[in-house]
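Have a look at work_15.cif; it's mmCIF, C-alpha atoms:
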data_entry
#
loop_
_atom_site.label_atom_id
_atom_site.label_comp_id
_atom_site.auth_asym_id
_atom_site.auth_seq_id
_atom_site.Cartn_x
_atom_site.Cartn_y
_atom_site.Cartn_z
CA THR A 28 40.32 -51.94 9.65
CA GLY A 29 40.81 -49.07 7.23
CA HIS A 30 37.53 -49.89 5.54
CA SER A 31 35.67 -49.66 8.85
CA LEU A 32 37.25 -46.31 9.64
CA SER A 33 36.40 -44.94 6.21
CA GLY A 34 32.85 -46.30 6.66
CA ALA A 35 32.44 -44.15 9.77
CA ALA A 36 33.48 -41.07 7.80
CA LEU A 37 31.09 -42.05 5.01
CA SER A 38 28.25 -42.36 7.51
CA LEU A 39 28.89 -38.85 8.81
CA LEU A 40 28.93 -37.46 5.27
CA LEU A 41 25.63 -39.19 4.48
CA VAL A 42 24.02 -37.85 7.67
CA PHE A 43 25.15 -34.27 7.02
CA ARG A 44 24.08 -34.51 3.37
CA THR A 45 20.62 -35.85 4.18
CA ASN A 46 20.08 -33.39 7.04
CA SER A 47 20.99 -30.40 4.87
CA ALA A 48 18.61 -31.62 2.15
CA TYR A 49 15.79 -32.18 4.63
CA ASP A 50 16.33 -28.72 6.15
CA ARG A 51 15.78 -27.21 2.71
CA PHE A 52 12.66 -29.33 2.18
CA TRP A 53 11.19 -28.47 5.59
CA GLU A 54 11.94 -24.75 5.27
CA ALA A 55 10.17 -24.72 1.90
CA ARG A 56 7.17 -26.47 3.42
CA LYS A 57 7.01 -23.99 6.30
CA LYS A 58 7.20 -21.02 3.93
CA LEU A 59 4.34 -22.41 1.85
CA GLY A 60 2.36 -22.97 5.04
CA SER A 61 2.87 -19.29 5.88
CA VAL A 62 1.69 -18.38 2.37
CA VAL A 63 -1.55 -20.28 3.05
CA ASP A 64 -2.02 -18.51 6.40
CA ASN A 65 -1.43 -15.04 4.95
CA CYS A 66 -3.69 -15.62 1.96
CA ARG A 67 -6.47 -16.82 4.25
CA GLY A 68 -5.96 -13.68 6.32
CA LEU A 69 -6.30 -11.52 3.21
CA ALA A 70 -9.45 -13.38 2.15
CA ARG A 71 -10.98 -13.03 5.61
CA ILE A 72 -10.32 -9.31 6.09
CA ALA A 73 -10.57 -7.80 2.58
CA PRO A 74 -14.38 -8.21 2.21
CA THR A 75 -14.99 -6.07 5.30
CA ALA A 76 -12.08 -3.63 4.96
CA LEU A 77 -12.64 -2.69 1.30
CA PRO A 78 -15.67 -1.69 -0.79
CA PRO A 79 -17.17 -4.59 -2.79
CA TYR A 80 -15.52 -3.84 -6.13
CA ALA A 81 -12.04 -3.34 -4.67
CA ALA A 82 -12.51 -6.36 -2.41
CA THR A 83 -13.48 -8.48 -5.42
CA GLU A 84 -10.42 -7.49 -7.43
CA PHE A 85 -8.24 -7.97 -4.37
CA GLY A 86 -9.71 -11.44 -3.78
CA ARG A 87 -9.13 -12.48 -7.39
CA MET A 88 -5.45 -11.51 -7.06
CA THR A 89 -5.30 -13.46 -3.78
CA VAL A 90 -6.47 -16.58 -5.63
CA ALA A 91 -4.11 -16.00 -8.56
CA PHE A 92 -1.00 -15.38 -6.44
CA PRO A 93 -0.24 -18.98 -5.31
CA TYR A 94 -0.62 -20.28 -8.87
CA MET A 95 1.79 -17.64 -10.12
CA LEU A 96 4.16 -18.49 -7.26
CA ARG A 97 3.98 -22.17 -8.21
CA GLN A 98 4.71 -21.39 -11.86
CA HIS A 99 7.65 -19.22 -10.84
CA LEU A 100 9.20 -21.72 -8.41
CA THR A 101 8.89 -24.73 -10.71
CA GLY A 102 11.03 -23.05 -13.37
CA ASN A 103 8.20 -22.08 -15.71
CA GLY A 104 8.25 -18.33 -15.20
CA ASN A 105 9.05 -17.75 -18.88
CA LEU A 106 5.85 -19.50 -19.99
CA LYS A 107 2.66 -17.62 -20.69
CA VAL A 108 -0.06 -18.29 -18.16
CA LYS A 109 -2.33 -19.85 -20.78
CA ASP A 110 0.45 -22.33 -21.68
CA TYR A 111 1.04 -23.49 -18.10
CA THR A 112 -0.54 -26.62 -16.66
CA ASP A 113 -2.63 -24.61 -14.17
CA ALA A 114 -4.15 -22.34 -16.82
CA LYS A 115 -7.71 -23.64 -16.34
CA ASP A 116 -7.48 -22.98 -12.59
CA VAL A 117 -6.15 -19.43 -12.71
CA LEU A 118 -7.20 -17.81 -16.00
CA PRO A 119 -10.80 -17.10 -14.80
CA PHE A 120 -9.35 -14.79 -12.13
CA PHE A 121 -7.63 -12.42 -14.57
CA ASN A 122 -9.20 -9.89 -16.86
CA GLU A 123 -7.56 -9.15 -20.21
CA PHE A 124 -5.52 -6.20 -18.95
CA GLN A 125 -4.28 -8.04 -15.86
CA LEU A 126 -3.29 -11.08 -17.89
CA LYS A 127 -1.31 -8.95 -20.33
CA GLU A 128 0.42 -7.20 -17.42
CA ILE A 129 1.26 -10.48 -15.68
CA GLU A 130 2.69 -12.09 -18.81
CA SER A 131 4.96 -9.13 -19.56
CA TYR A 132 7.13 -9.97 -16.53
CA PHE A 133 9.18 -13.02 -15.54
CA SER A 134 8.44 -12.75 -11.80
CA LYS A 135 4.69 -13.22 -12.00
CA PRO A 136 3.98 -13.58 -8.26
CA PHE A 137 5.51 -10.16 -7.57
CA VAL A 138 3.28 -8.63 -10.24
CA CYS A 139 0.26 -10.09 -8.44
CA LEU A 140 1.45 -8.59 -5.16
CA SER A 141 2.11 -5.26 -6.87
CA MET A 142 -1.46 -5.25 -8.20
CA MET A 143 -2.74 -5.93 -4.68
CA ASN A 144 -0.75 -2.94 -3.42
CA GLN A 145 -2.19 -0.80 -6.19
CA ILE A 146 -5.71 -1.82 -5.20
CA LEU A 147 -5.06 -0.90 -1.56
CA ALA A 148 -3.70 2.52 -2.59
CA SER A 149 -6.40 3.32 -5.17
CA GLU A 150 -9.51 5.45 -4.79
CA GLN A 151 -11.59 2.32 -5.35
CA ALA A 152 -10.41 1.14 -1.93
CA ARG A 153 -12.35 4.01 -0.30
CA TYR A 154 -16.04 3.84 0.56
CA PRO A 155 -18.28 6.50 -1.02
CA ASP A 156 -19.13 7.95 2.40
CA GLU A 157 -15.69 7.38 3.88
CA ARG A 158 -14.58 10.36 5.92
CA GLU A 159 -11.78 10.74 8.38
CA ASP A 160 -13.63 8.88 11.13
CA GLY A 161 -14.47 6.02 8.74
CA ALA A 162 -10.90 5.82 7.54
CA LEU A 163 -9.64 5.59 11.11
CA LYS A 164 -12.16 2.85 11.85
CA LEU A 165 -10.89 0.72 8.98
CA LEU A 166 -7.21 1.62 9.40
CA PRO A 167 -6.28 -1.42 11.55
CA GLU A 168 -7.83 -3.86 9.08
CA ARG A 169 -6.15 -2.20 6.12
CA GLU A 170 -2.83 -2.23 7.94
CA ILE A 171 -3.28 -5.99 8.41
CA LEU A 172 -3.95 -6.36 4.69
CA GLN A 173 -0.78 -4.43 3.86
CA GLN A 174 1.23 -6.43 6.38
CA ASP A 175 -0.02 -9.71 4.93
CA VAL A 176 0.96 -8.56 1.44
CA ASN A 177 4.41 -7.63 2.77
CA ASN A 178 4.67 -11.07 4.38
CA LEU A 179 3.88 -12.71 1.05
CA VAL A 180 6.71 -10.70 -0.53
CA ALA A 181 9.11 -11.97 2.15
CA GLN A 182 7.92 -15.56 1.81
CA THR A 183 8.31 -15.45 -1.97
CA GLY A 184 11.85 -14.17 -1.51
CA ALA A 185 12.61 -16.98 0.95
CA CYS A 186 11.35 -19.58 -1.52
CA GLU A 187 13.49 -18.02 -4.25
CA ARG A 188 16.50 -18.26 -1.93
CA ILE A 189 15.92 -22.00 -1.50
CA LEU A 190 15.49 -22.40 -5.25
CA GLY A 191 18.50 -20.31 -6.21
CA CYS A 192 21.03 -21.62 -3.68
CA PRO A 193 21.28 -25.43 -3.92
CA VAL A 194 23.59 -27.69 -1.93
CA PRO A 195 27.14 -27.10 -3.28
CA LEU A 196 27.86 -29.39 -6.21
CA SER A 197 31.36 -30.19 -4.94
CA TYR A 198 29.86 -31.60 -1.73
CA SER A 199 27.46 -33.86 -3.62
CA ARG A 200 30.14 -35.02 -6.03
CA HIS A 201 32.60 -35.82 -3.25
CA LEU A 202 30.00 -37.89 -1.39
CA SER A 203 29.03 -39.77 -4.56
CA ARG A 204 32.65 -40.59 -5.41
CA TYR A 205 33.43 -41.58 -1.84
CA LEU A 206 30.37 -43.85 -1.67
CA THR A 207 31.16 -45.43 -5.05
CA LEU A 208 34.77 -46.16 -4.08
CA TRP A 209 33.76 -47.53 -0.67
CA SER A 210 31.10 -49.81 -2.20
CA ALA A 211 33.49 -51.04 -4.90
CA THR A 212 36.07 -52.08 -2.31
CA LEU A 213 33.56 -53.67 0.07
CA PRO A 214 33.79 -57.15 -1.58
CA PHE A 215 37.52 -57.32 -0.80
CA VAL A 216 36.64 -57.05 2.89
CA LEU A 217 33.56 -59.28 3.10
CA VAL A 218 34.27 -62.11 0.64
CA PRO A 219 37.13 -63.63 2.69
CA MET A 220 34.89 -63.62 5.78
CA LEU A 221 31.46 -64.56 4.39
CA ASN A 222 32.19 -66.38 1.12
CA TRP A 223 28.93 -66.65 -0.90
CA TRP A 224 26.94 -64.96 1.85
CA SER A 225 28.84 -61.80 0.99
CA VAL A 226 26.73 -61.35 -2.19
CA PRO A 227 23.37 -60.60 -0.46
CA THR A 228 25.18 -58.75 2.34
CA ILE A 229 26.98 -56.43 -0.07
CA ALA A 230 23.76 -55.91 -2.06
CA ALA A 231 21.82 -54.95 1.09
CA VAL A 232 24.54 -52.61 2.39
CA CYS A 233 25.02 -50.86 -0.95
CA TRP A 234 21.26 -50.55 -1.49
CA SER A 235 20.74 -48.94 1.91
CA LEU A 236 23.57 -46.43 1.51
CA LEU A 237 22.79 -45.54 -2.11
CA SER A 238 19.09 -45.09 -1.32
CA ILE A 239 19.93 -42.69 1.52
CA GLU A 240 22.03 -40.63 -0.88
CA GLU A 241 19.25 -40.69 -3.46
CA ILE A 242 16.71 -39.46 -0.91
CA GLY A 243 18.98 -36.48 -0.24
CA HIS A 244 19.12 -35.67 -3.97
CA MET A 245 15.33 -35.93 -4.26
CA ILE A 246 14.39 -33.62 -1.39
CA GLU A 247 17.15 -31.02 -1.70
CA GLU A 248 15.21 -29.32 -4.52
CA PRO A 249 11.69 -29.18 -3.03
CA PHE A 250 10.16 -27.15 -5.86
CA ALA A 251 11.74 -28.70 -8.94
CA GLY A 252 13.18 -32.04 -7.82
CA LEU A 253 12.14 -35.48 -9.01
CA PRO A 254 9.50 -36.62 -8.47
CA GLY A 255 8.13 -33.12 -8.97
CA ASP A 256 6.21 -30.99 -6.52
CA GLN A 257 7.85 -32.35 -3.37
CA VAL A 258 6.10 -29.73 -1.20
CA GLN A 259 2.74 -30.00 -3.02
CA THR A 260 2.61 -26.48 -4.45
CA LYS A 261 -0.45 -27.44 -6.50
CA ARG A 262 -2.34 -28.54 -3.41
CA VAL A 263 -1.35 -25.30 -1.61
CA ALA A 264 -2.70 -23.20 -4.49
CA ASP A 265 -5.92 -25.23 -4.69
CA VAL A 266 -6.52 -24.87 -0.94
CA ILE A 267 -6.07 -21.09 -1.10
CA LYS A 268 -8.41 -20.89 -4.08
CA ARG A 269 -11.08 -23.02 -2.39
CA ASP A 270 -10.99 -21.10 0.90
CA THR A 271 -10.86 -17.63 -0.68
CA VAL A 272 -13.77 -18.35 -3.04
CA ASN A 273 -15.82 -19.79 -0.17
CA ILE A 274 -15.10 -16.85 2.17
CA TYR A 275 -16.20 -14.32 -0.46
CA LYS A 276 -19.39 -16.25 -1.12
CA GLN A 277 -20.12 -16.34 2.62
CA GLN A 278 -19.27 -12.71 3.39
CA LEU A 279 -20.34 -10.87 0.24
CA GLY A 280 -22.29 -13.39 -1.82
CA ILE A 281 -19.80 -12.88 -4.66
CA ASP A 282 -18.48 -15.63 -6.93
CA LEU A 283 -14.85 -14.63 -7.55
CA GLU A 284 -14.53 -16.91 -10.55
CA ASN A 285 -17.53 -15.41 -12.34
CA PRO A 286 -18.28 -12.09 -10.62
CA ASP A 287 -21.45 -10.20 -11.56
CA TYR A 288 -19.90 -6.75 -11.91
CA GLU A 289 -23.25 -5.04 -12.43
CA ASN A 290 -24.45 -6.18 -9.01
CA ILE A 291 -21.06 -5.45 -7.50
CA MET A 292 -21.17 -1.85 -8.74
CA GLN A 293 -24.63 -1.50 -7.24
CA MET A 294 -23.25 -2.81 -3.97
CA ASP A 295 -20.43 -0.28 -4.23
CA ALA A 296 -22.90 2.57 -4.73
CA ARG A 297 -24.80 1.76 -1.53
CA ALA A 298 -21.79 0.65 0.50
CA VAL A 299 -21.49 2.24 3.92
CA VAL A 300 -18.47 1.95 6.16
CA GLY A 301 -18.88 -0.94 8.58
CA GLU A 302 -22.19 -2.28 7.20
CA ASP A 303 -22.97 -5.54 5.42
CA VAL A 304 -23.59 -4.98 1.68
CA SER A 305 -23.68 -8.56 0.46
CA ILE A 306 -25.82 -9.44 -2.55
CA ALA A 307 -27.92 -11.64 -0.31
CA THR A 308 -29.15 -8.58 1.58
#

Can you present the structure in this file as C-alpha cells?
Amino acid sequence: TGHSLSGAALSLLLVFRTNSAYDRFWEARKKLGSVVDNCRGLARIAPTALPPYAATEFGRMTVAFPYMLRQHLTGNGNLKVKDYTDAKDVLPFFNEFQLKEIESYFSKPFVCLSMMNQILASEQARYPDEREDGALKLLPEREILQQDVNNLVAQTGACERILGCPVPLSYSRHLSRYLTLWSATLPFVLVPMLNWWSVPTIAAVCWSLLSIEEIGHMIEEPFAGLPGDQVQTKRVADVIKRDTVNIYKQQLGIDLENPDYENIMQMDARAVVGEDVSIAT
C-alpha cells in the first residue's frame, strides 16, 4: 500500500537523522578524549621540562583550561568565571591578573592556551644555569609541550565546529512533519484490519518512531542539548584537574591549588637542568 511505501521512506529518514546526530555526539566525545590525553601529557612533561615556577604556572593553566572550554562550549562564555557553576573548582588556579585577563575575552579557553604559550616563551621557562647544551637537552620535551598546546587549539576549534554547525533545520522540520502526517494517517490503515487492537498497536508504533526522533534531537547537540552535558564535560574537566594536581604533587611536591610560592622560588634558585628539585628533597 501507499502507507507501507511511505513508511519505508520514513524509516530511511529516521536512520539518516539518527546516524548524523550520533556522529556529532561521538566526534565530540572523541575530541574531549583527546583533550584529556593532551592535558595529561602537558602535566607529565612540564614539571621536568620547565623550572619549578614556570612549571607551576603552566600546570595551573592546564587545570583551568578544560573548565574554560566547558564554559565556552555550553554557551556561557559571556559569564564571568566567578558567576559560572564551576567557579569553586577553577578560581583557585587563577591569580588576580590572570582572572582579569581571562574575563576580558569571550573565548576563554584560547586565552588559557595563549597564557601557556607565553609561559613557554618567557625567560621564566629557562633554568638559571641553562646554556646551549642544556637547552638542546630539553628541546624535545619543550617541543612536545608546544605540540600538545597546538593540539588543544585544534581540538577546541573542532568542538566549536560541532557547536556552531548543527543539523540543518529544514531536514529536522521535514522529518517531523513527515512523521506527524504518517502517524496521523496510520489509524485509517490499521483500524479496518485490527479493530480495537489497533489502539495499542498504533500507540506502540508511534511511541517507537517518535522516541527515535527524540533521541536524535537530544544527541545532536552534545554540549548544550537536553539533558545537558551529553558528553560529560564536567567529568572531563574534573579528571584533568585530579590527574594534573596529583602528578605535580608526585613530581615536584607542589600543591597547584595552594602553591607555596616562597618555597617554589627557592626551588627555582637552586634548579639545575635535568635534576630533581622537588620540595621533598

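Of the listed residues (A:Arg44, A:Lys261, A:Lys135, A:Arg169), A:Arg169 comes nearest to Arg71 (chain A); the distances count only C-alpha atoms.
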
Once the PyMOL selection byres ((chain A and resi 83) around 8) is applied to the coordinates I shared, what remains selected? I want it as a PDB file with C-alpha atoms, in the coordinates of the input.
ATOM      1  CA  PRO A  74     -14.380  -8.210   2.210  1.00  0.00           C
ATOM      2  CA  PRO A  79     -17.170  -4.590  -2.790  1.00  0.00           C
ATOM      3  CA  TYR A  80     -15.520  -3.840  -6.130  1.00  0.00           C
ATOM      4  CA  ALA A  81     -12.040  -3.340  -4.670  1.00  0.00           C
ATOM      5  CA  ALA A  82     -12.510  -6.360  -2.410  1.00  0.00           C
ATOM      6  CA  GLU A  84     -10.420  -7.490  -7.430  1.00  0.00           C
ATOM      7  CA  PHE A  85      -8.240  -7.970  -4.370  1.00  0.00           C
ATOM      8  CA  GLY A  86      -9.710 -11.440  -3.780  1.00  0.00           C
ATOM      9  CA  ARG A  87      -9.130 -12.480  -7.390  1.00  0.00           C
ATOM     10  CA  ILE A 281     -19.800 -12.880  -4.660  1.00  0.00           C
ATOM     11  CA  LEU A 283     -14.850 -14.630  -7.550  1.00  0.00           C
ATOM     12  CA  PRO A 286     -18.280 -12.090 -10.620  1.00  0.00           C
TER      13      PRO A 286
END

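Distance-wise, CA of Gly68 (chain A) and CA of Lys115 (chain A) end up 24.8 Å apart.
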
Return as an mmCIF file with C-alpha atoms, in the coordinates of the input the set of residues that the PyMOL selection byres ((chain A and resi 191-195) around 9) yields on the displayed structure.
data_model
loop_
_atom_site.group_PDB
_atom_site.id
_atom_site.type_symbol
_atom_site.label_atom_id
_atom_site.label_comp_id
_atom_site.auth_asym_id
_atom_site.auth_seq_id
_atom_site.Cartn_x
_atom_site.Cartn_y
_atom_site.Cartn_z
ATOM 1 C CA ARG A 44 24.080 -34.510 3.370
ATOM 2 C CA SER A 47 20.990 -30.400 4.870
ATOM 3 C CA ALA A 48 18.610 -31.620 2.150
ATOM 4 C CA ARG A 51 15.780 -27.210 2.710
ATOM 5 C CA CYS A 186 11.350 -19.580 -1.520
ATOM 6 C CA GLU A 187 13.490 -18.020 -4.250
ATOM 7 C CA ARG A 188 16.500 -18.260 -1.930
ATOM 8 C CA ILE A 189 15.920 -22.000 -1.500
ATOM 9 C CA LEU A 190 15.490 -22.400 -5.250
ATOM 10 C CA LEU A 196 27.860 -29.390 -6.210
ATOM 11 C CA SER A 197 31.360 -30.190 -4.940
ATOM 12 C CA TYR A 198 29.860 -31.600 -1.730
ATOM 13 C CA SER A 199 27.460 -33.860 -3.620
ATOM 14 C CA ARG A 200 30.140 -35.020 -6.030
ATOM 15 C CA GLU A 247 17.150 -31.020 -1.700
ATOM 16 C CA GLU A 248 15.210 -29.320 -4.520
#

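Note that CA of Gly34 (chain A) and CA of Ser210 (chain A) are 9.7 Å apart.
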
Checklist entry - Where does the PyMOL selection byres ((chain A and resi 118-131) around 8) land in this file, that is, which residues does it pick, as a PyMOL selection string? => result chain A and resi 87-88+90-91+107-109+114-117+132-133+135+138-139+283-285

Write the residues of the preceding selection, restricted to C-alpha atoms, as a JSON list (two decimals), keeping the file's coordinate frame.
[["chain", "number", "residue", "atom", "x", "y", "z"],
["A", 87, "ARG", "CA", -9.13, -12.48, -7.39],
["A", 88, "MET", "CA", -5.45, -11.51, -7.06],
["A", 90, "VAL", "CA", -6.47, -16.58, -5.63],
["A", 91, "ALA", "CA", -4.11, -16.00, -8.56],
["A", 107, "LYS", "CA", 2.66, -17.62, -20.69],
["A", 108, "VAL", "CA", -0.06, -18.29, -18.16],
["A", 109, "LYS", "CA", -2.33, -19.85, -20.78],
["A", 114, "ALA", "CA", -4.15, -22.34, -16.82],
["A", 115, "LYS", "CA", -7.71, -23.64, -16.34],
["A", 116, "ASP", "CA", -7.48, -22.98, -12.59],
["A", 117, "VAL", "CA", -6.15, -19.43, -12.71],
["A", 132, "TYR", "CA", 7.13, -9.97, -16.53],
["A", 133, "PHE", "CA", 9.18, -13.02, -15.54],
["A", 135, "LYS", "CA", 4.69, -13.22, -12.00],
["A", 138, "VAL", "CA", 3.28, -8.63, -10.24],
["A", 139, "CYS", "CA", 0.26, -10.09, -8.44],
["A", 283, "LEU", "CA", -14.85, -14.63, -7.55],
["A", 284, "GLU", "CA", -14.53, -16.91, -10.55],
["A", 285, "ASN", "CA", -17.53, -15.41, -12.34]]

Next on the checklist: Using only C-alpha atoms for the distances, tell me which of A:Met220, A:Leu213, A:Val180, A:Val63 is nearest to Met143 (chain A).
Outcome noted: A:Val180

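Taking only C-alpha atoms into account, the polymer residues that have an atom no farther than 7 Å from (-9.9, -15.9, 3.0) are A:Cys66, A:Arg67, A:Gly68, A:Leu69, A:Ala70, A:Arg71, A:Asp270, A:Thr271, A:Ile274.
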
Item to check | Polymer residues at most 12 Å from Asn177 (chain A), only C-alpha atoms, same-chain spacing of 2 or more positions, as an MDAnalysis selection string | outcome: chainID A and resid 62 65:66 69 137 140:141 143:144 170:175 179:184

Set up a box along x, y and z of the file covering all listed atoms of region 67-72 of chain A, add 8 Å on every one of the six sides, and write the centre and edge lengths in Å to one decimal, as lines of an AutoDock Vina configuration file.
center_x = -8.5
center_y = -13.1
center_z = 4.2
size_x = 21.0
size_y = 23.5
size_z = 20.2

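Closest approach to Arg269 (chain A) from the set A:Lys57, A:Leu221, A:Asp282, A:Pro249 is made by A:Asp282, with distances taken over all atoms listed in the file.
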
Item to check | Pro93 (chain A) environment, 9 Å, only C-alpha atoms, sequence neighbours closer than 4 positions dropped, as JSON, numbers by chain | outcome: {"A": [62, 63, 66, 89, 97, 98, 136, 260, 261, 263, 264, 265, 267, 268]}
